>>> print(open('protein_0.pdb').read())   # PDB, C-alpha atoms
ATOM      1  CA  MET A   1      11.346  46.978 -51.121
ATOM      2  CA  GLN A   2      14.773  48.536 -50.649
ATOM      3  CA  LYS A   3      17.401  47.829 -53.332
ATOM      4  CA  ILE A   4      21.061  48.565 -53.998
ATOM      5  CA  TYR A   5      22.022  50.310 -57.217
ATOM      6  CA  TRP A   6      25.539  50.910 -58.527
ATOM      7  CA  THR A   7      26.374  54.013 -60.524
ATOM      8  CA  GLU A   8      28.524  53.754 -63.622
ATOM      9  CA  LYS A   9      31.267  55.560 -61.671
ATOM     10  CA  ALA A  10      31.161  52.956 -58.875
ATOM     11  CA  ASN A  11      31.280  50.102 -61.399
ATOM     12  CA  ASN A  12      34.243  51.726 -63.125
ATOM     13  CA  ASP A  13      35.993  52.169 -59.770
ATOM     14  CA  LEU A  14      35.458  48.490 -58.985
ATOM     15  CA  LEU A  15      36.896  47.490 -62.354
ATOM     16  CA  ARG A  16      39.870  49.846 -61.919
ATOM     17  CA  LEU A  17      40.676  48.402 -58.489
ATOM     18  CA  TYR A  18      40.311  44.854 -59.777
ATOM     19  CA  GLU A  19      42.602  45.457 -62.756
ATOM     20  CA  PHE A  20      45.221  47.055 -60.531
ATOM     21  CA  LEU A  21      45.212  44.182 -58.032
ATOM     22  CA  LEU A  22      45.095  41.552 -60.760
ATOM     23  CA  GLN A  23      48.598  42.567 -61.872
ATOM     24  CA  VAL A  24      49.960  42.176 -58.347
ATOM     25  CA  ASN A  25      47.930  39.348 -56.849
ATOM     26  CA  PRO A  26      45.065  37.708 -58.803
ATOM     27  CA  LYS A  27      43.667  35.916 -55.746
ATOM     28  CA  ALA A  28      43.551  39.187 -53.770
ATOM     29  CA  ALA A  29      41.827  40.879 -56.715
ATOM     30  CA  ILE A  30      38.988  38.354 -56.598
ATOM     31  CA  ASN A  31      38.719  38.522 -52.792
ATOM     32  CA  VAL A  32      38.601  42.327 -52.741
ATOM     33  CA  VAL A  33      35.959  42.509 -55.458
ATOM     34  CA  ASN A  34      33.853  39.912 -53.621
ATOM     35  CA  LYS A  35      34.098  41.884 -50.367
ATOM     36  CA  LEU A  36      33.312  45.199 -52.045
ATOM     37  CA  THR A  37      30.299  43.846 -53.920
ATOM     38  CA  THR A  38      28.775  42.099 -50.899
ATOM     39  CA  ALA A  39      29.577  44.711 -48.216
ATOM     40  CA  PRO A  40      26.668  47.008 -49.174
ATOM     41  CA  ASP A  41      24.184  44.210 -48.355
ATOM     42  CA  ILE A  42      24.333  45.254 -44.679
ATOM     43  CA  LEU A  43      22.970  48.642 -45.724
ATOM     44  CA  LEU A  44      19.647  47.053 -46.633
ATOM     45  CA  GLU A  45      18.978  46.596 -42.922
ATOM     46  CA  HIS A  46      21.150  49.384 -41.460
ATOM     47  CA  CYS A  47      21.378  52.064 -44.137
ATOM     48  CA  ARG A  48      22.589  54.800 -41.802
ATOM     49  CA  ILE A  49      25.541  52.984 -40.209
ATOM     50  CA  GLY A  50      28.025  54.894 -42.315
ATOM     51  CA  GLU A  51      29.350  58.309 -41.338
ATOM     52  CA  GLN A  52      27.355  61.106 -42.989
ATOM     53  CA  LEU A  53      29.293  63.224 -45.495
ATOM     54  CA  PHE A  54      27.921  66.732 -45.168
ATOM     55  CA  GLU A  55      29.781  68.076 -48.207
ATOM     56  CA  TYR A  56      27.102  66.374 -50.340
ATOM     57  CA  GLU A  57      24.149  68.160 -48.698
ATOM     58  CA  PRO A  58      21.255  68.364 -49.304
ATOM     59  CA  ARG A  59      21.704  64.762 -50.470
ATOM     60  CA  GLU A  60      22.107  62.114 -47.784
ATOM     61  CA  VAL A  61      25.474  60.570 -48.628
ATOM     62  CA  ARG A  62      27.425  58.391 -46.233
ATOM     63  CA  LYS A  63      30.617  56.371 -46.319
ATOM     64  CA  LEU A  64      31.105  52.716 -45.627
ATOM     65  CA  LEU A  65      34.589  51.439 -44.821
ATOM     66  CA  VAL A  66      35.379  48.007 -46.204
ATOM     67  CA  GLY A  67      38.842  47.087 -45.044
ATOM     68  CA  LYS A  68      41.152  49.685 -46.591
ATOM     69  CA  TYR A  69      38.515  50.800 -49.074
ATOM     70  CA  GLU A  70      36.073  53.679 -48.787
ATOM     71  CA  MET A  71      32.680  53.459 -50.421
ATOM     72  CA  HIS A  72      30.356  56.461 -50.721
ATOM     73  CA  TYR A  73      26.657  55.733 -50.948
ATOM     74  CA  GLU A  74      23.488  57.762 -51.134
ATOM     75  CA  ILE A  75      20.180  56.998 -49.461
ATOM     76  CA  GLN A  76      17.422  57.932 -51.867
ATOM     77  CA  ASN A  77      13.779  56.933 -51.487
ATOM     78  CA  ASP A  78      14.843  54.050 -49.215
ATOM     79  CA  ASN A  79      17.209  52.730 -51.882
ATOM     80  CA  ILE A  80      20.988  52.605 -51.635
ATOM     81  CA  ILE A  81      23.017  54.032 -54.499
ATOM     82  CA  ILE A  82      26.725  53.191 -54.515
ATOM     83  CA  LEU A  83      28.478  56.303 -55.825
ATOM     84  CA  CYS A  84      32.219  55.581 -55.751
ATOM     85  CA  ILE A  85      34.938  53.381 -54.237
ATOM     86  CA  TRP A  86      38.665  53.840 -53.705
ATOM     87  CA  HIS A  87      41.570  52.534 -51.675
ATOM     88  CA  ALA A  88      42.562  54.624 -48.655
ATOM     89  CA  LYS A  89      46.069  55.150 -50.063
ATOM     90  CA  GLU A  90      44.758  56.671 -53.291
ATOM     91  CA  ASN A  91      45.116  60.408 -53.564
ATOM     92  CA  ARG A  92      41.497  61.640 -53.578
TER      93      ARG A  92
END
>>> encode(input="protein_0.pdb", output="C-alpha coordinates")
Amino acid sequence: MQKIYWTEKANNDLLRLYEFLLQVNPKAAINVVNKLTTAPDILLEHCRIGEQLFEYEPREVRKLLVGKYEMHYEIQNDNIIILCIWHAKENR
(Lines of atoms letter the chains of each structure in order from A and count residues from 1; the text may use other names and numbers.)
(Lines give C-alpha, C1' and ligand atoms only; values in the text may rest on other atoms or scores of the structure.)
Protein backbone atom coordinates (compact mmCIF):
# COMPACT_ATOMS: atom_id res chain seq x y z
CA MET A 1 0.00 0.00 0.00
CA GLN A 2 1.32 3.41 -0.99
CA LYS A 3 1.86 5.97 1.80
CA ILE A 4 2.91 9.59 2.19
CA TYR A 5 5.85 10.42 4.42
CA TRP A 6 7.04 13.88 5.45
CA THR A 7 10.71 14.60 6.00
CA GLU A 8 11.81 16.65 8.98
CA LYS A 9 12.73 19.42 6.52
CA ALA A 10 9.20 19.45 5.05
CA ASN A 11 7.64 19.54 8.53
CA ASN A 12 9.92 22.41 9.50
CA ASP A 13 8.99 24.26 6.30
CA LEU A 14 5.30 23.82 7.09
CA LEU A 15 5.82 25.16 10.60
CA ARG A 16 7.87 28.11 9.30
CA LEU A 17 5.16 29.05 6.79
CA TYR A 18 2.45 28.70 9.42
CA GLU A 19 4.29 30.88 11.94
CA PHE A 20 4.91 33.55 9.31
CA LEU A 21 1.26 33.66 8.22
CA LEU A 22 -0.01 33.50 11.79
CA GLN A 23 1.47 36.95 12.46
CA VAL A 24 -0.30 38.43 9.45
CA ASN A 25 -3.55 36.50 9.20
CA PRO A 26 -4.32 33.60 11.59
CA LYS A 27 -7.25 32.33 9.52
CA ALA A 28 -5.09 32.23 6.36
CA ALA A 29 -2.39 30.38 8.31
CA ILE A 30 -4.81 27.59 9.18
CA ASN A 31 -6.24 27.44 5.64
CA VAL A 32 -2.80 27.26 4.02
CA VAL A 33 -1.59 24.53 6.36
CA ASN A 34 -4.77 22.53 5.71
CA LYS A 35 -4.31 22.84 1.94
CA LEU A 36 -0.62 21.95 2.08
CA THR A 37 -1.16 18.90 4.27
CA THR A 38 -4.04 17.50 2.21
CA ALA A 39 -2.75 18.35 -1.29
CA PRO A 40 -0.34 15.37 -1.43
CA ASP A 41 -3.30 12.97 -1.08
CA ILE A 42 -3.86 13.22 -4.86
CA LEU A 43 -0.38 11.76 -5.33
CA LEU A 44 -1.55 8.44 -3.93
CA GLU A 45 -3.51 7.90 -7.13
CA HIS A 46 -1.51 10.07 -9.57
CA CYS A 47 2.04 10.17 -8.23
CA ARG A 48 3.60 11.41 -11.46
CA ILE A 49 1.38 14.44 -12.09
CA GLY A 50 4.05 16.82 -10.90
CA GLU A 51 6.80 18.12 -13.17
CA GLN A 52 9.97 16.03 -12.87
CA LEU A 53 12.99 17.85 -11.42
CA PHE A 54 16.01 16.43 -13.19
CA GLU A 55 18.54 18.17 -10.94
CA TYR A 56 17.79 15.45 -8.35
CA GLU A 57 18.65 12.53 -10.66
CA PRO A 58 19.01 9.61 -10.25
CA ARG A 59 16.22 10.08 -7.69
CA GLU A 60 12.71 10.61 -9.04
CA VAL A 61 11.75 13.98 -7.56
CA ARG A 62 8.84 16.04 -8.79
CA LYS A 63 7.12 19.26 -7.81
CA LEU A 64 3.52 19.83 -6.92
CA LEU A 65 2.13 23.36 -7.05
CA VAL A 66 -0.41 24.16 -4.35
CA GLY A 67 -1.63 27.67 -4.95
CA LYS A 68 1.44 29.89 -4.56
CA TYR A 69 3.41 27.15 -2.82
CA GLU A 70 5.84 24.68 -4.32
CA MET A 71 6.22 21.24 -2.82
CA HIS A 72 9.01 18.86 -3.84
CA TYR A 73 8.34 15.16 -3.42
CA GLU A 74 10.17 11.96 -4.16
CA ILE A 75 8.69 8.72 -5.44
CA GLN A 76 10.46 5.87 -3.70
CA ASN A 77 9.29 2.26 -3.72
CA ASP A 78 5.75 3.44 -4.57
CA ASN A 79 5.72 5.74 -1.55
CA ILE A 80 5.61 9.53 -1.63
CA ILE A 81 8.15 11.44 0.43
CA ILE A 82 7.49 15.16 0.88
CA LEU A 83 10.92 16.82 0.83
CA CYS A 84 10.33 20.57 1.14
CA ILE A 85 7.78 23.37 0.73
CA TRP A 86 8.09 27.10 0.15
CA HIS A 87 6.14 30.09 -1.10
CA ALA A 88 6.83 31.15 -4.69
CA LYS A 89 7.99 34.60 -3.54
CA GLU A 90 10.67 33.16 -1.26
CA ASN A 91 14.19 33.45 -2.55
CA ARG A 92 15.22 29.81 -3.12
>>> atom_distance(input="protein_0.pdb", atom1="CA of Glu70 (chain A)", atom2="CA of Cys84 (chain A)")
8.2 Å
>>> resolve_selection(input="protein_0.pdb", expression="the PyMOL selection byres ((chain A and resi 23-38) around 9)", output="VMD selection string")
chain A and resid 14 to 15 17 to 22 39 to 42 66 to 67 69 71 85
>>> atom_distance(input="protein_0.pdb", atom1="CA of His46 (chain A)", atom2="CA of Glu90 (chain A)")
27.4 Å
>>> residues_around(input="protein_0.pdb", residues="Thr7 (chain A)", least_positions_apart="4", cutoff="12 Å", atoms="only C-alpha atoms", output="ChimeraX atom specification")
/A:11-14,71-74,80-85
>>> write_last_selection(input="protein_0.pdb", atoms="C-alpha atoms", output="mmCIF file, in the frame of the given file")
data_model
loop_
_atom_site.group_PDB
_atom_site.id
_atom_site.type_symbol
_atom_site.label_atom_id
_atom_site.label_comp_id
_atom_site.auth_asym_id
_atom_site.auth_seq_id
_atom_site.Cartn_x
_atom_site.Cartn_y
_atom_site.Cartn_z
ATOM 1 C CA ASN A 11 31.280 50.102 -61.399
ATOM 2 C CA ASN A 12 34.243 51.726 -63.125
ATOM 3 C CA ASP A 13 35.993 52.169 -59.770
ATOM 4 C CA LEU A 14 35.458 48.490 -58.985
ATOM 5 C CA MET A 71 32.680 53.459 -50.421
ATOM 6 C CA HIS A 72 30.356 56.461 -50.721
ATOM 7 C CA TYR A 73 26.657 55.733 -50.948
ATOM 8 C CA GLU A 74 23.488 57.762 -51.134
ATOM 9 C CA ILE A 80 20.988 52.605 -51.635
ATOM 10 C CA ILE A 81 23.017 54.032 -54.499
ATOM 11 C CA ILE A 82 26.725 53.191 -54.515
ATOM 12 C CA LEU A 83 28.478 56.303 -55.825
ATOM 13 C CA CYS A 84 32.219 55.581 -55.751
ATOM 14 C CA ILE A 85 34.938 53.381 -54.237
#
>>> residues_around(input="protein_0.pdb", residues="Leu43 (chain A)", least_positions_apart="4", cutoff="10 Å", atoms="all atoms listed in the file", output="PyMOL selection string")
chain A and resi 2-4+39+47-50+64+73+75+79-80
>>> residues_near_point(input="protein_0.pdb", point="(30.3, 63.4, -44.8)", cutoff="8 Å", atoms="all atoms listed in the file", output="list of chain:residue names")
A:Glu51, A:Gln52, A:Leu53, A:Phe54, A:Glu55, A:Tyr56, A:Val61, A:Arg62, A:Lys63
>>> atom_distance(input="protein_0.pdb", atom1="CA of His87 (chain A)", atom2="CA of Leu65 (chain A)")
9.8 Å
>>> axis_aligned_box(input="protein_0.pdb", around="region 62-70 of chain A", padding_each_side="6 Å", output="AutoDock Vina command-line options")
--center_x 34.3 --center_y 52.7 --center_z -46.9 --size_x 25.7 --size_y 23.3 --size_z 16.3
>>> decode(input="protein_0.pdb", residues="region 2-36 of chain A", atoms="N, CA, C and O atoms", output="CSV table (one decimal), in the first residue's frame")
chain,number,residue,atom,x,y,z
A,2,GLN,N,0.6,2.2,-0.9
A,2,GLN,CA,1.3,3.4,-1.0
A,2,GLN,C,1.0,4.4,0.2
A,2,GLN,O,-0.1,4.5,0.6
A,3,LYS,N,2.0,5.0,0.7
A,3,LYS,CA,1.9,6.0,1.8
A,3,LYS,C,2.6,7.3,1.5
A,3,LYS,O,3.5,7.3,0.7
A,4,ILE,N,2.2,8.3,2.3
A,4,ILE,CA,2.9,9.6,2.2
A,4,ILE,C,3.7,9.8,3.5
A,4,ILE,O,3.2,9.6,4.6
A,5,TYR,N,5.0,10.1,3.3
A,5,TYR,CA,5.8,10.4,4.4
A,5,TYR,C,6.3,11.8,4.3
A,5,TYR,O,6.6,12.3,3.2
A,6,TRP,N,6.5,12.5,5.4
A,6,TRP,CA,7.0,13.9,5.4
A,6,TRP,C,8.4,13.9,6.1
A,6,TRP,O,8.6,13.3,7.2
A,7,THR,N,9.4,14.5,5.4
A,7,THR,CA,10.7,14.6,6.0
A,7,THR,C,10.7,15.6,7.1
A,7,THR,O,9.7,16.5,7.2
A,8,GLU,N,11.7,15.6,7.9
A,8,GLU,CA,11.8,16.6,9.0
A,8,GLU,C,11.9,18.0,8.4
A,8,GLU,O,11.3,19.0,8.8
A,9,LYS,N,12.6,18.1,7.2
A,9,LYS,CA,12.7,19.4,6.5
A,9,LYS,C,11.4,19.9,6.1
A,9,LYS,O,11.0,21.1,6.3
A,10,ALA,N,10.5,19.1,5.5
A,10,ALA,CA,9.2,19.5,5.0
A,10,ALA,C,8.3,19.9,6.2
A,10,ALA,O,7.6,20.9,6.1
A,11,ASN,N,8.4,19.2,7.3
A,11,ASN,CA,7.6,19.5,8.5
A,11,ASN,C,8.1,20.9,9.1
A,11,ASN,O,7.3,21.7,9.5
A,12,ASN,N,9.4,21.1,9.1
A,12,ASN,CA,9.9,22.4,9.5
A,12,ASN,C,9.5,23.5,8.6
A,12,ASN,O,9.2,24.6,9.0
A,13,ASP,N,9.5,23.3,7.3
A,13,ASP,CA,9.0,24.3,6.3
A,13,ASP,C,7.5,24.6,6.6
A,13,ASP,O,7.1,25.8,6.5
A,14,LEU,N,6.7,23.6,6.8
A,14,LEU,CA,5.3,23.8,7.1
A,14,LEU,C,5.1,24.7,8.3
A,14,LEU,O,4.3,25.6,8.3
A,15,LEU,N,5.9,24.4,9.4
A,15,LEU,CA,5.8,25.2,10.6
A,15,LEU,C,6.3,26.6,10.4
A,15,LEU,O,5.7,27.5,10.9
A,16,ARG,N,7.4,26.8,9.6
A,16,ARG,CA,7.9,28.1,9.3
A,16,ARG,C,6.8,28.9,8.6
A,16,ARG,O,6.6,30.1,8.9
A,17,LEU,N,6.2,28.3,7.6
A,17,LEU,CA,5.2,29.0,6.8
A,17,LEU,C,4.0,29.4,7.7
A,17,LEU,O,3.4,30.5,7.6
A,18,TYR,N,3.6,28.5,8.5
A,18,TYR,CA,2.5,28.7,9.4
A,18,TYR,C,2.8,29.9,10.4
A,18,TYR,O,1.9,30.8,10.5
A,19,GLU,N,3.9,29.8,11.0
A,19,GLU,CA,4.3,30.9,11.9
A,19,GLU,C,4.4,32.3,11.3
A,19,GLU,O,4.0,33.3,11.9
A,20,PHE,N,4.9,32.3,10.0
A,20,PHE,CA,4.9,33.5,9.3
A,20,PHE,C,3.5,34.1,9.1
A,20,PHE,O,3.2,35.2,9.3
A,21,LEU,N,2.6,33.2,8.5
A,21,LEU,CA,1.3,33.7,8.2
A,21,LEU,C,0.5,34.0,9.5
A,21,LEU,O,-0.4,34.9,9.4
A,22,LEU,N,0.7,33.3,10.5
A,22,LEU,CA,0.0,33.5,11.8
A,22,LEU,C,0.1,34.9,12.3
A,22,LEU,O,-0.9,35.5,12.8
A,23,GLN,N,1.3,35.6,12.1
A,23,GLN,CA,1.5,36.9,12.5
A,23,GLN,C,0.6,37.9,11.6
A,23,GLN,O,0.2,39.0,12.1
A,24,VAL,N,0.4,37.5,10.4
A,24,VAL,CA,-0.3,38.4,9.4
A,24,VAL,C,-1.8,38.2,9.4
A,24,VAL,O,-2.6,39.1,9.5
A,25,ASN,N,-2.2,36.9,9.3
A,25,ASN,CA,-3.6,36.5,9.2
A,25,ASN,C,-3.8,35.1,9.7
A,25,ASN,O,-3.5,34.1,9.0
A,26,PRO,N,-4.2,34.9,11.0
A,26,PRO,CA,-4.3,33.6,11.6
A,26,PRO,C,-5.2,32.7,10.8
A,26,PRO,O,-5.0,31.5,10.7
A,27,LYS,N,-6.3,33.2,10.3
A,27,LYS,CA,-7.3,32.3,9.5
A,27,LYS,C,-6.6,31.8,8.3
A,27,LYS,O,-6.7,30.6,7.9
A,28,ALA,N,-5.8,32.7,7.6
A,28,ALA,CA,-5.1,32.2,6.4
A,28,ALA,C,-4.0,31.2,6.7
A,28,ALA,O,-3.8,30.2,6.0
A,29,ALA,N,-3.4,31.3,7.9
A,29,ALA,CA,-2.4,30.4,8.3
A,29,ALA,C,-3.0,29.0,8.4
A,29,ALA,O,-2.4,28.0,7.9
A,30,ILE,N,-4.1,28.9,9.0
A,30,ILE,CA,-4.8,27.6,9.2
A,30,ILE,C,-5.2,27.0,7.8
A,30,ILE,O,-5.0,25.9,7.5
A,31,ASN,N,-5.8,27.9,7.0
A,31,ASN,CA,-6.2,27.4,5.6
A,31,ASN,C,-5.1,26.9,4.8
A,31,ASN,O,-5.2,25.9,4.1
A,32,VAL,N,-4.0,27.7,4.8
A,32,VAL,CA,-2.8,27.3,4.0
A,32,VAL,C,-2.2,25.9,4.5
A,32,VAL,O,-1.9,25.0,3.7
A,33,VAL,N,-2.1,25.8,5.8
A,33,VAL,CA,-1.6,24.5,6.4
A,33,VAL,C,-2.5,23.4,6.0
A,33,VAL,O,-2.1,22.3,5.6
A,34,ASN,N,-3.8,23.6,6.1
A,34,ASN,CA,-4.8,22.5,5.7
A,34,ASN,C,-4.6,22.1,4.2
A,34,ASN,O,-4.6,21.0,3.9
A,35,LYS,N,-4.5,23.1,3.4
A,35,LYS,CA,-4.3,22.8,1.9
A,35,LYS,C,-3.0,22.1,1.7
A,35,LYS,O,-2.9,21.2,0.9
A,36,LEU,N,-1.9,22.6,2.3
A,36,LEU,CA,-0.6,22.0,2.1
A,36,LEU,C,-0.5,20.5,2.6
A,36,LEU,O,0.1,19.7,2.0
